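Novice: Okay, handing you the structure first.
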Amino acid sequence: MAHIRVPVRVALSQRASPNTTVSPDDAAGPTYQGFTGTLNVGLIQDTGSLGGGCSIGNEMVGKVTPSKYTGNIMLHRWKTIRSSYQNQTLTANVTNQDDTSDTSLEDNDPQSCSNGVCSQGTVYDLDAPGTGVYPDGLIHRYRANFIEWASLPNGKIISPYYFFYVRLSCQYTTSGYQFVNDILFDNMIGSGTTFTSWNLGNY
Amino acid sequence: MRGNTIASFTLLLSVMGSLYGQDCVDLENAPSERLVSFLERIVPNDQNSKCVTFAIKALGDRQFKPAVGVLTRLLDFRRPPSEEERAGVVTLHTFYPATTALEQIGRSSLPLVLKAIKSSSTSAKARENAVDVWMETYKYNRPEGVASLKRAATEASESSAKERMDWALSYALRWCGPGDMPKCKRAAGMDN
């Protein structure tokens, strides 16, 4: 019987919708929870070891073909730009930076089983970009564009590039860290790219 | 002999440079043995912490097994914040680089990690981090991580070491997800 070699491919998608939690078979879930204090993705007020601030938790999901592939698959993240603001003042502008997660936030084994659920050809990468501990009452704004991709351990890229953006504004108030909605379409994550101006190009 | 003297002098210069200038250039292409030797000689402080972090990270990336001893000693070394972190940006990177390095080296680091958990001379933070390394090494089978820690706890003869192992077992449970928790508790003997 002839064996046909099928190239390994990965299709990437992102989970960050409201009322969504980290996938039960994602072995990195407890590490994420340790940092953020929650297994929720989407808009989160950080507790955990981060100690405060606002983030948008997201889980990149890599569906592997063939689904029975047993080798490790690495997920990489590149930050094309990150602009930070206090109110309307630009405080930092960083471009082109490797932002790949620590291994403890990735589940690189497509056949791993956690919490009684097996991945059956899925790998994961968790992150929660946002603004940290800043109890100064100012509005801290974060706008960033990222690219994610999958590779074999030897570096060979095996997925299309997945472009996504994160934008949020956060303020410390008497009720703790709160998302601020003074800018239309702020506090979102999605595929594609975003304007990185403080007002997201709205005015 | 002359070669050894020059090598020692170069190492001393790099340590001094690291101490006073945070200039880690000499370490960038250094062989792993030299990075280990650098870490063994240095007492981490604000002046050298960047270079200490660099060396730890490099040894982890290279999965250099002979570094396990010195990395275990540095389990409570806290790296300085990155530029991003200083700017108030959230990053999910641990402040304790030796934990990541030991995790990258994998299960061959566990005997010395276990020794650190049991030892009375280990700081509380280093002991916490040692348990984190242990459980991360079993990230694809966390109940087995708890079970192996339980076996080690049972083998501990000295009562104070036994106490520290019991603490480690209960601390390890935080690494079990909701679906794994019943198995983890059973493995720890804490299911009733």
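Order determines the names: the first chain of the structure tokens is A, the second B, and so forth; residues in each chain are numbered 1 upward, and ligands are numbered 1 upward as they are shown.
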Give me the chain A side of the contact with chain B, cut-off 7 Å, one line per residue showing its nearest atom pair and distance in Å at one decimal, counting only C-alpha atoms, sorted by chain and residue number, as JSON lines.
Specialist:
{"residue": "A:Ala27", "atom": "CA", "partner": "B:Lys139", "partner_atom": "CA", "distance": 6.0}
{"residue": "A:Pro30", "atom": "CA", "partner": "B:Trp175", "partner_atom": "CA", "distance": 5.4}
{"residue": "A:Phe35", "atom": "CA", "partner": "B:Leu92", "partner_atom": "CA", "distance": 6.7}
{"residue": "A:Asp102", "atom": "CA", "partner": "B:His93", "partner_atom": "CA", "distance": 6.4}
{"residue": "A:Ser104", "atom": "CA", "partner": "B:Glu136", "partner_atom": "CA", "distance": 6.9}
{"residue": "A:Ser112", "atom": "CA", "partner": "B:Tyr140", "partner_atom": "CA", "distance": 6.1}
{"residue": "A:Cys113", "atom": "CA", "partner": "B:Tyr140", "partner_atom": "CA", "distance": 6.6}
{"residue": "A:Ser114", "atom": "CA", "partner": "B:Tyr140", "partner_atom": "CA", "distance": 6.6}
{"residue": "A:Asn115", "atom": "CA", "partner": "B:Gly179", "partner_atom": "CA", "distance": 3.8}
{"residue": "A:Gly116", "atom": "CA", "partner": "B:Gly179", "partner_atom": "CA", "distance": 6.1}
{"residue": "A:Asp127", "atom": "CA", "partner": "B:Leu92", "partner_atom": "CA", "distance": 6.8}
{"residue": "A:Pro129", "atom": "CA", "partner": "B:Val90", "partner_atom": "CA", "distance": 5.7}
{"residue": "A:Gly130", "atom": "CA", "partner": "B:Val90", "partner_atom": "CA", "distance": 5.1}
{"residue": "A:Thr131", "atom": "CA", "partner": "B:Val89", "partner_atom": "CA", "distance": 4.7}
{"residue": "A:Gly132", "atom": "CA", "partner": "B:Gly88", "partner_atom": "CA", "distance": 4.8}
{"residue": "A:Val133", "atom": "CA", "partner": "B:Gly88", "partner_atom": "CA", "distance": 6.5}
{"residue": "A:Tyr134", "atom": "CA", "partner": "B:Gly88", "partner_atom": "CA", "distance": 6.9}
Novice: Pick out the closest residue to Asn40 of chain A from this set: A:Asn202, A:Ala128, A:Ile147, A:Gln111. Count only C-alpha atoms.
Specialist: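 Once distances to Asn40 of chain A are computed over only C-alpha atoms, the minimum belongs to A:Ala128.
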Novice: Residues within 7 Å of segment 115-122 of chain B, please, as a PDB file with N, CA and C atoms, in the first residue's frame. Count only C-alpha atoms; anything in the same chain fewer than 6 positions from it doesn't count.
Specialist:
ATOM      1  N   ALA B 130       9.457  26.912  42.373  1.00  0.00           N
ATOM      2  CA  ALA B 130       9.870  25.528  42.106  1.00  0.00           C
ATOM      3  C   ALA B 130       8.640  24.657  41.833  1.00  0.00           C
ATOM      4  N   ALA B 161      10.768  18.575  56.210  1.00  0.00           N
ATOM      5  CA  ALA B 161      10.729  18.428  54.741  1.00  0.00           C
ATOM      6  C   ALA B 161       9.359  17.915  54.315  1.00  0.00           C
ATOM      7  N   ARG B 164       6.985  20.771  54.233  1.00  0.00           N
ATOM      8  CA  ARG B 164       7.164  21.605  53.034  1.00  0.00           C
ATOM      9  C   ARG B 164       6.570  20.908  51.812  1.00  0.00           C
ATOM     10  N   MET B 165       6.689  19.599  51.755  1.00  0.00           N
ATOM     11  CA  MET B 165       6.116  18.854  50.628  1.00  0.00           C
ATOM     12  C   MET B 165       4.588  18.885  50.682  1.00  0.00           C
TER      13      MET B 165
END
Novice: Between A:Ile157, A:Leu39, A:Ile56, A:Cys118, single out the one closest to Ile189 of chain A, counting only C-alpha atoms.
Specialist: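 Checking each candidate against Ile189 of chain A, we get A:Ile56 as the closest.
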Novice: What does the structure give for the distance between atom CA of Gln171 of chain A and atom CA of Leu126 of chain A, in Å to one decimal?
Specialist: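 Pair atom CA of Gln171 of chain A / atom CA of Leu126 of chain A returns 24.1 Å.
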Novice: Report as a ChimeraX atom specification: the residues of segment 1-177 of chain A with a DSSP assignment of strand (DSSP E), based on the backbone of this structure.
Specialist: /A:9-15,42-45,54-65,74-86,89-98,106-107,113-114,117-118,122-127,130-131,139-151,162-173,176-177
Novice: What does the distance between atom CA of Arg167 of chain A and atom CA of Ala150 of chain A come to in Å, to one decimal place?
Specialist: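 Computed distance, atom CA of Arg167 of chain A to atom CA of Ala150 of chain A, equals 23.6 Å.
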Novice: Figure out the distance between atom CA of Gln86 of chain A and atom CA of His140 of chain A, please, to one decimal in Å.
Specialist: 4.8 Å
Novice: Kindly indicate which residue among A:Asn145, A:Asn187, A:Thr122, A:Asn72 lies nearest to Gln97 of chain A, using only C-alpha atoms for the distances.
Specialist: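 Under the stated criterion, the closest residue is A:Asn145.
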Novice: Pick out each residue of chain A that DSSP on the backbone tags as alpha helix (DSSP H); I need them as a PyMOL selection string.
Specialist: chain A and resi 29-36
Novice: With C-alpha atoms retained, could you export that selection as a compact mmCIF listing (two decimals), in the first residue's frame?
Specialist:
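What landed in again-v1.txt:
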# COMPACT_ATOMS: atom_id res chain seq x y z
CA GLY A 29 -5.32 27.79 30.85
CA PRO A 30 -4.05 27.67 34.46
CA THR A 31 -1.05 29.89 33.60
CA TYR A 32 -3.36 32.45 31.96
CA GLN A 33 -5.64 32.34 34.98
CA GLY A 34 -2.64 32.88 37.27
CA PHE A 35 -1.80 36.13 35.46
CA THR A 36 -5.29 37.54 34.84
